[in-house]
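Read through the structure below, which is laid out as structure tokens, and then see the notes.
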Amino acid sequence: MSNKIIKIALLDMYNGEPNQGMRCIIDVVNRFSPVVSFKIFDVRVKCELPDINSFDIYISTGGPGNPLIGDGNWDVKYYEFIDSLNKWNNENVIKKHVLFICHSFQMACLHFGLATVTKRNDTSFGVMTIHKTKEGLIDPLFEGLADPFYAIDSRDYQVVQPKLSIFAKKGAKIISLEKIRDHIQYERAIMAVRFTDYFVGTQFHPEADPISFVSHLRNKDAKEKIRAMKGKRKFRNMLEDLLDDDKIYRTNETLIPNFLRTAINDLMKTKKMLSN
Ligand SMILES: NC(=O)CC[C@H](N)C(=O)O
């Protein structure tokens with residue numbers, strides 16, 4: 001790995017399965033290449049986790065399957081690693097910044113005891129509207145995004161039933177929610193949480209770009225499944241949403257860049273402070 005100032009660890013949670021997430025995350029991270037370098041860790045297949053002393057920023061990806069179940073090995077090590085990052089932040093001036101995406105977000109919510117994770121009645125897949133909460137309106141992660149904004153969602157599970165007393169005790173905040181579904185009696189799922197000043201997570205995929213979505217639809221079975229699920233008109237509307245500059249492109253160009261910029265600025269400031 002090169003000597004660039006800021007080191008990013010990508011925690012690959014895809015369990016060896018083909019996915020669009022890794023390419024999209026690498027694409028966004030590479031926009032910061034003058035100042036950052038990155039290394040990938042295969043958490044679920046190889047049980048790989050980084051050395052905490054060697055990396056500044058961590059992005060933990062989405063992944064397949066039930067977030068409540070691991071193999072008793074990688075999941076235990078993963079949770080221990082998250083605890084060690086948290087402990088580090090409580091004890092050190094130079095902080096470790098972490099972004100949890102989708103599967104990792106669900107696991108983090110469970111681990112911190114903030115909410116329940118249940119299986120949805122149906123798969124959520126496509127371009128969704130994401131609503132900022134009052135806290136979300138002022139969170140730097142969403143700066144430059146409208147309310148609501150748009151994101152790609154791809155999941156069978158949901159984070160629901162927040163334990164508000166635990167949120168209050170830990171200082172965690174719900175920063176976005178699912179769309180309001182008037183005619184359906186379901187609880188709105190939690191779509192993003194600020195766990196601490198340095199840990200934040202989203203249920204949706206902020207890394208997704210329109211190309212990744214279209215590539216997924218080149219698989220005939222996937223396309224048919226989604227078209228059947230949504231109906232022809234909604235499916236076509238979704239394709240149109242993909243081309244809109246203010247929707248998926250905007251989220252891709254804004255959210256992870258906000259996370260990285262905030263983290264890089266903080267790291268440069270504290271590192272400089274210590275070297276003075
Ligand atoms: N894309 C994802 O990370 C999905 C998360 C989880 N496996 C679910 O189905 O809800």
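Going through the structure tokens in order, the chains are called A, B, and so on, while each chain numbers its residues from 1 and the ligands are numbered from 1 in the order shown.
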Quiz prompt | Residues within 9 Å of A:Trp74, only C-alpha atoms, excluding chain neighbours under 6 positions, as a list in words | solution = Val43, Arg44, Val45, Lys46, Cys47 and Glu48 of chain A
Any chance you could tabulate, as CSV, the residues of chain A at most 9 Å from ligand 1 with each one's nearest atom pair and distance in Å to one decimal, using only C-alpha atoms and all ligand atoms, in chain and rising number order?
```
residue,atom,partner,partner_atom_place_in_ligand_line,distance
A:Met13,CA,ligand 1,3 (O),8.2
A:Tyr14,CA,ligand 1,3 (O),7.9
A:Gly21,CA,ligand 1,1 (N),8.4
A:Thr61,CA,ligand 1,3 (O),7.0
A:Gly62,CA,ligand 1,3 (O),3.2
A:Gly63,CA,ligand 1,3 (O),3.9
A:Pro64,CA,ligand 1,7 (N),3.9
A:Gly65,CA,ligand 1,7 (N),4.1
A:Asn66,CA,ligand 1,7 (N),5.3
A:Pro67,CA,ligand 1,7 (N),5.9
A:Ile101,CA,ligand 1,3 (O),6.8
A:Cys102,CA,ligand 1,3 (O),4.1
A:His103,CA,ligand 1,3 (O),3.8
A:Ser104,CA,ligand 1,3 (O),7.0
A:Phe105,CA,ligand 1,3 (O),8.2
A:Gln106,CA,ligand 1,5 (C),7.3
A:Val117,CA,ligand 1,10 (O),8.9
A:Thr118,CA,ligand 1,10 (O),8.8
A:Lys119,CA,ligand 1,10 (O),7.4
A:Arg120,CA,ligand 1,10 (O),8.2
A:Thr123,CA,ligand 1,9 (O),7.7
A:Ser124,CA,ligand 1,10 (O),8.4
A:Asp153,CA,ligand 1,1 (N),7.3
A:Ser154,CA,ligand 1,1 (N),4.8
A:Arg155,CA,ligand 1,10 (O),3.7
A:Asp156,CA,ligand 1,9 (O),3.8
A:Tyr157,CA,ligand 1,10 (O),3.5
A:Gln158,CA,ligand 1,10 (O),6.1
A:Val159,CA,ligand 1,10 (O),8.9
A:Gln203,CA,ligand 1,3 (O),7.8
A:Phe204,CA,ligand 1,1 (N),7.6
A:His205,CA,ligand 1,1 (N),7.3
```
Go ahead and save the residues from that selection, with C-alpha atoms, as a PDB file, in the first residue's frame.
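Just written: selection.pdb:
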```
ATOM      1  CA  MET A  13     -19.291  -8.299   3.465  1.00  0.00           C
ATOM      2  CA  TYR A  14     -20.480  -9.813   0.187  1.00  0.00           C
ATOM      3  CA  GLY A  21     -21.367  -2.644  -4.355  1.00  0.00           C
ATOM      4  CA  THR A  61     -20.379  -2.952   2.772  1.00  0.00           C
ATOM      5  CA  GLY A  62     -23.764  -4.486   2.091  1.00  0.00           C
ATOM      6  CA  GLY A  63     -24.061  -8.242   1.761  1.00  0.00           C
ATOM      7  CA  PRO A  64     -26.436 -11.148   1.213  1.00  0.00           C
ATOM      8  CA  GLY A  65     -28.451 -13.174   3.701  1.00  0.00           C
ATOM      9  CA  ASN A  66     -29.886 -12.824   7.159  1.00  0.00           C
ATOM     10  CA  PRO A  67     -28.058 -10.198   9.236  1.00  0.00           C
ATOM     11  CA  ILE A 101     -23.895   0.158   4.507  1.00  0.00           C
ATOM     12  CA  CYS A 102     -27.029  -2.035   4.297  1.00  0.00           C
ATOM     13  CA  HIS A 103     -26.110  -5.486   5.728  1.00  0.00           C
ATOM     14  CA  SER A 104     -23.422  -3.881   7.914  1.00  0.00           C
ATOM     15  CA  PHE A 105     -25.911  -1.215   8.987  1.00  0.00           C
ATOM     16  CA  GLN A 106     -28.391  -3.874  10.085  1.00  0.00           C
ATOM     17  CA  VAL A 117     -34.285  -6.524  12.582  1.00  0.00           C
ATOM     18  CA  THR A 118     -37.113  -8.446  10.921  1.00  0.00           C
ATOM     19  CA  LYS A 119     -37.748  -9.990   7.511  1.00  0.00           C
ATOM     20  CA  ARG A 120     -39.922  -7.873   5.237  1.00  0.00           C
ATOM     21  CA  THR A 123     -38.119  -7.663  -1.172  1.00  0.00           C
ATOM     22  CA  SER A 124     -37.415  -3.945  -1.390  1.00  0.00           C
ATOM     23  CA  ASP A 153     -32.567   0.018  -1.888  1.00  0.00           C
ATOM     24  CA  SER A 154     -31.961  -3.726  -2.117  1.00  0.00           C
ATOM     25  CA  ARG A 155     -32.979  -5.854   0.815  1.00  0.00           C
ATOM     26  CA  ASP A 156     -35.203  -8.474   2.396  1.00  0.00           C
ATOM     27  CA  TYR A 157     -34.733  -7.338   5.986  1.00  0.00           C
ATOM     28  CA  GLN A 158     -35.577  -4.150   7.850  1.00  0.00           C
ATOM     29  CA  VAL A 159     -34.526  -2.263  10.956  1.00  0.00           C
ATOM     30  CA  GLN A 203     -29.895   0.982   5.096  1.00  0.00           C
ATOM     31  CA  PHE A 204     -29.870   2.002   1.429  1.00  0.00           C
ATOM     32  CA  HIS A 205     -26.898   1.918  -0.935  1.00  0.00           C
TER      33      HIS A 205
END
```
Write down as a compact mmCIF listing (two decimals) with all heavy atoms, in the first residue's frame the residues of stretch 66-133 of chain A whose backbone DSSP state falls under helix (DSSP H, G or I).
```txt
# COMPACT_ATOMS: atom_id res chain seq x y z
N TRP A 74 -16.70 -15.37 11.77
CA TRP A 74 -16.48 -14.03 11.21
C TRP A 74 -17.36 -12.98 11.90
O TRP A 74 -16.92 -11.86 12.14
CB TRP A 74 -16.68 -14.00 9.69
CG TRP A 74 -18.11 -14.16 9.23
CD1 TRP A 74 -18.70 -15.30 8.79
CD2 TRP A 74 -19.11 -13.12 9.16
NE1 TRP A 74 -20.01 -15.06 8.48
CE2 TRP A 74 -20.29 -13.74 8.68
CE3 TRP A 74 -19.15 -11.77 9.45
CZ2 TRP A 74 -21.48 -13.02 8.49
CZ3 TRP A 74 -20.33 -11.05 9.27
CH2 TRP A 74 -21.47 -11.68 8.79
N ASP A 75 -18.58 -13.37 12.26
CA ASP A 75 -19.47 -12.38 12.87
C ASP A 75 -18.97 -11.97 14.26
O ASP A 75 -19.01 -10.80 14.64
CB ASP A 75 -20.92 -12.88 12.91
CG ASP A 75 -21.05 -14.27 13.47
OD1 ASP A 75 -20.20 -15.13 13.14
OD2 ASP A 75 -21.98 -14.54 14.24
N VAL A 76 -18.45 -12.96 15.01
CA VAL A 76 -17.92 -12.66 16.35
C VAL A 76 -16.72 -11.72 16.21
O VAL A 76 -16.63 -10.69 16.90
CB VAL A 76 -17.52 -13.97 17.08
CG1 VAL A 76 -16.82 -13.68 18.39
CG2 VAL A 76 -18.77 -14.83 17.32
N LYS A 77 -15.83 -12.05 15.25
CA LYS A 77 -14.63 -11.20 15.06
C LYS A 77 -15.04 -9.81 14.57
O LYS A 77 -14.43 -8.81 14.95
CB LYS A 77 -13.70 -11.86 14.04
CG LYS A 77 -13.08 -13.14 14.56
CD LYS A 77 -11.65 -13.28 14.04
CE LYS A 77 -10.93 -14.45 14.71
NZ LYS A 77 -11.02 -15.68 13.94
N TYR A 78 -16.04 -9.77 13.71
CA TYR A 78 -16.49 -8.49 13.17
C TYR A 78 -17.01 -7.60 14.31
O TYR A 78 -16.63 -6.44 14.43
CB TYR A 78 -17.59 -8.75 12.13
CG TYR A 78 -18.18 -7.49 11.52
CD1 TYR A 78 -17.49 -6.78 10.53
CD2 TYR A 78 -19.42 -7.01 11.93
CE1 TYR A 78 -18.03 -5.62 9.97
CE2 TYR A 78 -19.97 -5.85 11.36
CZ TYR A 78 -19.27 -5.17 10.38
OH TYR A 78 -19.80 -4.02 9.83
N TYR A 79 -17.86 -8.17 15.16
CA TYR A 79 -18.40 -7.38 16.28
C TYR A 79 -17.30 -6.95 17.24
O TYR A 79 -17.31 -5.84 17.76
CB TYR A 79 -19.49 -8.17 17.01
CG TYR A 79 -20.81 -8.25 16.25
CD1 TYR A 79 -21.52 -9.44 16.14
CD2 TYR A 79 -21.36 -7.11 15.67
CE1 TYR A 79 -22.73 -9.51 15.47
CE2 TYR A 79 -22.58 -7.16 14.99
CZ TYR A 79 -23.25 -8.37 14.89
OH TYR A 79 -24.45 -8.41 14.23
N GLU A 80 -16.33 -7.84 17.48
CA GLU A 80 -15.21 -7.47 18.35
C GLU A 80 -14.43 -6.30 17.74
O GLU A 80 -13.99 -5.39 18.44
CB GLU A 80 -14.25 -8.66 18.53
CG GLU A 80 -14.75 -9.64 19.57
CD GLU A 80 -13.93 -10.93 19.60
OE1 GLU A 80 -12.91 -11.04 18.85
OE2 GLU A 80 -14.33 -11.83 20.35
N PHE A 81 -14.31 -6.36 16.41
CA PHE A 81 -13.58 -5.30 15.72
C PHE A 81 -14.31 -3.95 15.85
O PHE A 81 -13.69 -2.93 16.13
CB PHE A 81 -13.37 -5.67 14.25
CG PHE A 81 -12.54 -4.66 13.52
CD1 PHE A 81 -11.20 -4.48 13.83
CD2 PHE A 81 -13.10 -3.87 12.52
CE1 PHE A 81 -10.43 -3.52 13.18
CE2 PHE A 81 -12.34 -2.91 11.86
CZ PHE A 81 -11.00 -2.74 12.20
N ILE A 82 -15.62 -3.98 15.69
CA ILE A 82 -16.42 -2.75 15.84
C ILE A 82 -16.25 -2.20 17.27
O ILE A 82 -16.08 -1.00 17.46
CB ILE A 82 -17.93 -3.03 15.57
CG1 ILE A 82 -18.15 -3.60 14.16
CG2 ILE A 82 -18.79 -1.79 15.81
CD1 ILE A 82 -17.59 -2.77 13.04
N ASP A 83 -16.26 -3.12 18.24
CA ASP A 83 -16.06 -2.68 19.63
C ASP A 83 -14.69 -2.05 19.82
O ASP A 83 -14.54 -1.06 20.54
CB ASP A 83 -16.21 -3.87 20.60
CG ASP A 83 -17.67 -4.30 20.73
OD1 ASP A 83 -18.55 -3.48 20.42
OD2 ASP A 83 -17.91 -5.45 21.15
N SER A 84 -13.67 -2.63 19.16
CA SER A 84 -12.33 -2.08 19.35
C SER A 84 -12.21 -0.70 18.69
O SER A 84 -11.51 0.17 19.20
CB SER A 84 -11.24 -3.04 18.88
OG SER A 84 -11.32 -3.21 17.49
N LEU A 85 -12.93 -0.47 17.59
CA LEU A 85 -12.93 0.86 16.96
C LEU A 85 -13.60 1.88 17.88
O LEU A 85 -13.12 3.00 18.06
CB LEU A 85 -13.67 0.82 15.61
CG LEU A 85 -12.99 0.08 14.46
CD1 LEU A 85 -13.98 -0.11 13.31
CD2 LEU A 85 -11.76 0.84 13.95
N ASN A 86 -14.69 1.46 18.48
CA ASN A 86 -15.43 2.34 19.39
C ASN A 86 -14.57 2.68 20.61
O ASN A 86 -14.49 3.83 21.03
CB ASN A 86 -16.72 1.62 19.82
CG ASN A 86 -17.83 2.60 20.09
OD1 ASN A 86 -17.70 3.79 19.83
ND2 ASN A 86 -18.92 2.10 20.66
N LYS A 87 -13.91 1.66 21.14
CA LYS A 87 -13.03 1.86 22.30
C LYS A 87 -11.91 2.82 21.92
O LYS A 87 -11.58 3.74 22.66
CB LYS A 87 -12.47 0.49 22.71
CG LYS A 87 -11.65 0.52 23.97
CD LYS A 87 -11.49 -0.91 24.52
CE LYS A 87 -10.61 -0.96 25.76
NZ LYS A 87 -9.18 -0.96 25.49
N TRP A 88 -11.33 2.61 20.73
CA TRP A 88 -10.28 3.50 20.24
C TRP A 88 -10.76 4.96 20.25
O TRP A 88 -10.07 5.85 20.74
CB TRP A 88 -9.88 3.08 18.82
CG TRP A 88 -8.89 4.01 18.19
CD1 TRP A 88 -9.13 5.28 17.73
CD2 TRP A 88 -7.50 3.78 17.98
NE1 TRP A 88 -7.99 5.83 17.24
CE2 TRP A 88 -6.97 4.94 17.37
CE3 TRP A 88 -6.64 2.69 18.23
CZ2 TRP A 88 -5.63 5.04 17.01
CZ3 TRP A 88 -5.31 2.80 17.87
CH2 TRP A 88 -4.82 3.94 17.28
N ASN A 89 -11.94 5.17 19.73
CA ASN A 89 -12.46 6.54 19.65
C ASN A 89 -12.68 7.16 21.03
O ASN A 89 -12.58 8.37 21.19
CB ASN A 89 -13.76 6.59 18.85
CG ASN A 89 -13.50 6.48 17.35
OD1 ASN A 89 -12.37 6.60 16.90
ND2 ASN A 89 -14.55 6.24 16.59
N ASN A 90 -12.99 6.31 22.01
CA ASN A 90 -13.19 6.85 23.36
C ASN A 90 -11.86 7.20 24.03
O ASN A 90 -11.82 7.98 24.96
CB ASN A 90 -13.94 5.83 24.24
CG ASN A 90 -15.39 5.72 23.80
OD1 ASN A 90 -15.96 6.68 23.29
ND2 ASN A 90 -15.97 4.54 23.98
N GLU A 91 -10.78 6.60 23.52
CA GLU A 91 -9.49 6.77 24.22
C GLU A 91 -8.47 7.61 23.47
O GLU A 91 -7.43 7.95 24.02
CB GLU A 91 -8.89 5.38 24.50
CG GLU A 91 -9.72 4.56 25.48
CD GLU A 91 -9.27 3.12 25.58
OE1 GLU A 91 -8.37 2.70 24.79
OE2 GLU A 91 -9.81 2.42 26.45
N HIS A 103 -26.27 -4.32 4.85
CA HIS A 103 -26.11 -5.49 5.73
C HIS A 103 -25.32 -5.09 6.98
O HIS A 103 -25.68 -5.46 8.11
CB HIS A 103 -25.38 -6.61 4.98
CG HIS A 103 -25.54 -7.95 5.60
ND1 HIS A 103 -26.62 -8.76 5.35
CD2 HIS A 103 -24.75 -8.62 6.48
CE1 HIS A 103 -26.47 -9.89 6.05
NE2 HIS A 103 -25.34 -9.81 6.74
N SER A 104 -24.26 -4.33 6.79
CA SER A 104 -23.42 -3.88 7.91
C SER A 104 -24.21 -2.95 8.83
O SER A 104 -24.05 -2.98 10.05
CB SER A 104 -22.18 -3.14 7.41
OG SER A 104 -21.42 -3.97 6.59
N PHE A 105 -25.06 -2.13 8.22
CA PHE A 105 -25.91 -1.22 8.99
C PHE A 105 -26.86 -2.01 9.88
O PHE A 105 -27.03 -1.72 11.08
CB PHE A 105 -26.70 -0.32 8.03
CG PHE A 105 -27.83 0.44 8.66
CD1 PHE A 105 -27.57 1.56 9.45
CD2 PHE A 105 -29.15 0.06 8.47
CE1 PHE A 105 -28.61 2.26 10.05
CE2 PHE A 105 -30.19 0.76 9.05
CZ PHE A 105 -29.92 1.86 9.85
N GLN A 106 -27.47 -3.04 9.31
CA GLN A 106 -28.39 -3.87 10.09
C GLN A 106 -27.65 -4.53 11.25
O GLN A 106 -28.14 -4.56 12.39
CB GLN A 106 -29.02 -4.95 9.19
CG GLN A 106 -29.90 -4.37 8.08
CD GLN A 106 -30.25 -5.39 7.00
OE1 GLN A 106 -29.62 -6.46 6.89
NE2 GLN A 106 -31.24 -5.06 6.18
N MET A 107 -26.45 -5.05 10.95
CA MET A 107 -25.67 -5.71 12.00
C MET A 107 -25.26 -4.72 13.10
O MET A 107 -25.28 -5.05 14.29
CB MET A 107 -24.43 -6.39 11.41
CG MET A 107 -24.77 -7.63 10.58
SD MET A 107 -23.30 -8.51 9.97
CE MET A 107 -22.63 -9.21 11.50
N ALA A 108 -24.90 -3.50 12.70
CA ALA A 108 -24.50 -2.48 13.68
C ALA A 108 -25.68 -2.10 14.58
O ALA A 108 -25.54 -1.99 15.79
CB ALA A 108 -23.93 -1.26 12.98
N CYS A 109 -26.87 -1.93 13.99
CA CYS A 109 -28.06 -1.59 14.79
C CYS A 109 -28.33 -2.69 15.81
O CYS A 109 -28.65 -2.42 16.98
CB CYS A 109 -29.29 -1.40 13.89
SG CYS A 109 -29.22 0.11 12.92
N LEU A 110 -28.18 -3.95 15.38
CA LEU A 110 -28.40 -5.07 16.29
C LEU A 110 -27.35 -5.07 17.39
O LEU A 110 -27.67 -5.19 18.58
CB LEU A 110 -28.26 -6.40 15.52
CG LEU A 110 -29.44 -6.83 14.66
CD1 LEU A 110 -29.03 -8.01 13.76
CD2 LEU A 110 -30.62 -7.22 15.54
N HIS A 111 -26.10 -4.91 16.97
CA HIS A 111 -25.00 -4.99 17.93
C HIS A 111 -25.09 -3.91 19.01
O HIS A 111 -24.81 -4.18 20.17
CB HIS A 111 -23.67 -4.88 17.18
CG HIS A 111 -22.48 -5.07 18.06
ND1 HIS A 111 -22.29 -6.20 18.82
CD2 HIS A 111 -21.43 -4.25 18.34
CE1 HIS A 111 -21.17 -6.08 19.51
NE2 HIS A 111 -20.63 -4.90 19.23
```
Give me, as a tab-separated table, the closest atom pair and its distance (Å, one decimal) for every residue of stretch 123-214 of chain A within a cut-off of 12 Å of stretch 23-26 of chain A, counting only C-alpha atoms, rows sorted by chain and rising number.
```
residue	atom	partner	partner_atom	distance
A:His205	CA	A:Cys24	CA	9.7
A:Pro206	CA	A:Ile25	CA	8.8
A:Glu207	CA	A:Cys24	CA	5.4
A:Ala208	CA	A:Cys24	CA	5.9
A:Asp209	CA	A:Cys24	CA	6.9
A:Pro210	CA	A:Cys24	CA	10.1
A:Ile211	CA	A:Cys24	CA	9.3
A:Ser212	CA	A:Cys24	CA	7.4
A:Phe213	CA	A:Cys24	CA	10.5
```
Output file for the selection above: N, CA, C and O atoms, as a PDB file, in the first residue's frame:
```
ATOM      1  N   HIS A 205     -28.251   2.016  -0.356  1.00  0.00           N
ATOM      2  CA  HIS A 205     -26.898   1.918  -0.935  1.00  0.00           C
ATOM      3  C   HIS A 205     -26.449   3.268  -1.499  1.00  0.00           C
ATOM      4  O   HIS A 205     -26.709   3.563  -2.663  1.00  0.00           O
ATOM      5  N   PRO A 206     -25.737   4.067  -0.709  1.00  0.00           N
ATOM      6  CA  PRO A 206     -25.328   5.395  -1.187  1.00  0.00           C
ATOM      7  C   PRO A 206     -24.278   5.320  -2.289  1.00  0.00           C
ATOM      8  O   PRO A 206     -24.047   6.295  -3.004  1.00  0.00           O
ATOM      9  N   GLU A 207     -23.626   4.152  -2.410  1.00  0.00           N
ATOM     10  CA  GLU A 207     -22.570   3.993  -3.419  1.00  0.00           C
ATOM     11  C   GLU A 207     -23.143   3.700  -4.806  1.00  0.00           C
ATOM     12  O   GLU A 207     -22.446   3.840  -5.815  1.00  0.00           O
ATOM     13  N   ALA A 208     -24.416   3.262  -4.861  1.00  0.00           N
ATOM     14  CA  ALA A 208     -24.978   2.768  -6.129  1.00  0.00           C
ATOM     15  C   ALA A 208     -25.008   3.861  -7.192  1.00  0.00           C
ATOM     16  O   ALA A 208     -25.311   5.015  -6.908  1.00  0.00           O
ATOM     17  N   ASP A 209     -24.683   3.484  -8.413  1.00  0.00           N
ATOM     18  CA  ASP A 209     -24.835   4.406  -9.533  1.00  0.00           C
ATOM     19  C   ASP A 209     -25.786   3.759 -10.545  1.00  0.00           C
ATOM     20  O   ASP A 209     -26.057   2.552 -10.473  1.00  0.00           O
ATOM     21  N   PRO A 210     -26.324   4.558 -11.470  1.00  0.00           N
ATOM     22  CA  PRO A 210     -27.291   3.996 -12.410  1.00  0.00           C
ATOM     23  C   PRO A 210     -26.745   2.805 -13.204  1.00  0.00           C
ATOM     24  O   PRO A 210     -27.457   1.841 -13.462  1.00  0.00           O
ATOM     25  N   ILE A 211     -25.434   2.831 -13.519  1.00  0.00           N
ATOM     26  CA  ILE A 211     -24.862   1.710 -14.289  1.00  0.00           C
ATOM     27  C   ILE A 211     -24.963   0.409 -13.500  1.00  0.00           C
ATOM     28  O   ILE A 211     -25.274  -0.640 -14.049  1.00  0.00           O
ATOM     29  N   SER A 212     -24.707   0.500 -12.173  1.00  0.00           N
ATOM     30  CA  SER A 212     -24.734  -0.723 -11.360  1.00  0.00           C
ATOM     31  C   SER A 212     -26.139  -1.301 -11.355  1.00  0.00           C
ATOM     32  O   SER A 212     -26.332  -2.521 -11.402  1.00  0.00           O
ATOM     33  N   PHE A 213     -27.113  -0.433 -11.343  1.00  0.00           N
ATOM     34  CA  PHE A 213     -28.501  -0.888 -11.302  1.00  0.00           C
ATOM     35  C   PHE A 213     -28.887  -1.549 -12.624  1.00  0.00           C
ATOM     36  O   PHE A 213     -29.453  -2.642 -12.666  1.00  0.00           O
TER      37      PHE A 213
END
```
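When only C-alpha atoms are used to compute distances to A:Ile152, the closest of the residues A:Leu239, A:Leu99, A:Leu137, A:Leu11 turns out to be A:Leu239.
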Practice problem: Skip A:Ser33 itself and residues of its chain fewer than 3 positions away, then list as a list in words all residues within 12 Å of it, counting only C-alpha atoms. | Solution: Ser2, Asn3, Lys4, Ile5, Ile6, Lys7, Ile8, Ile26, Asp27, Val28, Val29, Asn30, Val36, Ser37, Phe38, Leu260 and Ile264 of chain A
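Taking only C-alpha atoms into account, A:Tyr249 lies nearest to A:Ala151 out of the set A:Ala151, A:Asn121, A:Ser165, A:Gly113.
Of note, atom CA of A:Arg188 and atom CA of A:Thr129 are spaced 12.2 Å apart.
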Quiz prompt | Nearest-residue call for A:Pro18, choices A:Lys272, A:Lys169, A:Arg250, A:His216, using only C-alpha atoms | solution = A:His216
Practice problem: With a distance cut-off of 12 Å and only C-alpha atoms, select the neighbouring residues of stretch 227-235 of chain A, excluding the residue or stretch itself and same-chain residues fewer than 6 positions from it, and output the selection as an MDAnalysis selection string. | Solution: chainID A and resid 122:128 217 220:221 241:242
Quiz item: A:Asp12, A:Asp266, A:Asp246, A:Asp197: which is nearest A:Asp147, counting only C-alpha atoms?
Solution: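 The shortest atom-to-atom distance to A:Asp147 comes from A:Asp246.
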Practice problem: Find, counting only C-alpha atoms, the residue in A:Asn73, A:Pro34, A:Thr251, A:Ala222 that gets nearest to A:Leu49. | Solution: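 That would be A:Asn73, the residue with the smallest distance to A:Leu49.
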Quiz item: Neighbours of A:Pro162 within 7 Å (only C-alpha atoms; same-chain residues fewer than 5 positions away dropped), as a ChimeraX atom specification?
Solution: /A:114-116
Quiz item: Hey, what does DSSP flag as strand (DSSP E or B) within stretch 9-142 of chain A? Can you give it to me as number ranges by chain?
Solution: A: 9-12, 36-42, 57-60, 97-101, 116-132
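Of the residues under consideration (A:Ile248, A:Phe100, A:Leu243, A:Leu68), A:Ile248 shows the shortest atom-to-atom contact distance to A:Ile130 when counting only C-alpha atoms.
The neighbours of A:Pro50 here are the residues that come within 9 Å of it, using only C-alpha atoms and leaving out any residue fewer than 4 positions away in the same chain; they are A:Ala9, A:Leu11, A:Lys39, A:Ile40, A:Phe41, A:Ser54, A:Phe55, A:Phe81.
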Go ahead and dump the residues you just picked, C-alpha atoms, as a PDB file, in the first residue's frame.
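Okay, this is what ended up in part_12.pdb:
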```pdb
ATOM      1  CA  ALA A   9     -10.142  -0.200   4.844  1.00  0.00           C
ATOM      2  CA  LEU A  11     -14.722  -4.384   4.788  1.00  0.00           C
ATOM      3  CA  LYS A  39      -7.267  -2.013   0.964  1.00  0.00           C
ATOM      4  CA  ILE A  40     -10.037  -4.633   0.797  1.00  0.00           C
ATOM      5  CA  PHE A  41     -10.690  -7.173   3.577  1.00  0.00           C
ATOM      6  CA  SER A  54      -2.959   0.882  10.040  1.00  0.00           C
ATOM      7  CA  PHE A  55      -6.243   2.441   8.835  1.00  0.00           C
ATOM      8  CA  PHE A  81     -13.576  -5.295  15.722  1.00  0.00           C
TER       9      PHE A  81
END
```
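With only C-alpha atoms taken into account, the protein and nucleic acid residues at most 12 Å from A:Ala168 (excluding it and anything under 4 positions from it in its own chain) are Gly113, Leu114, Pro162, Lys163, Leu164, Ala172, Lys173, Ile174, Arg194, Phe195 and Thr196 of chain A.
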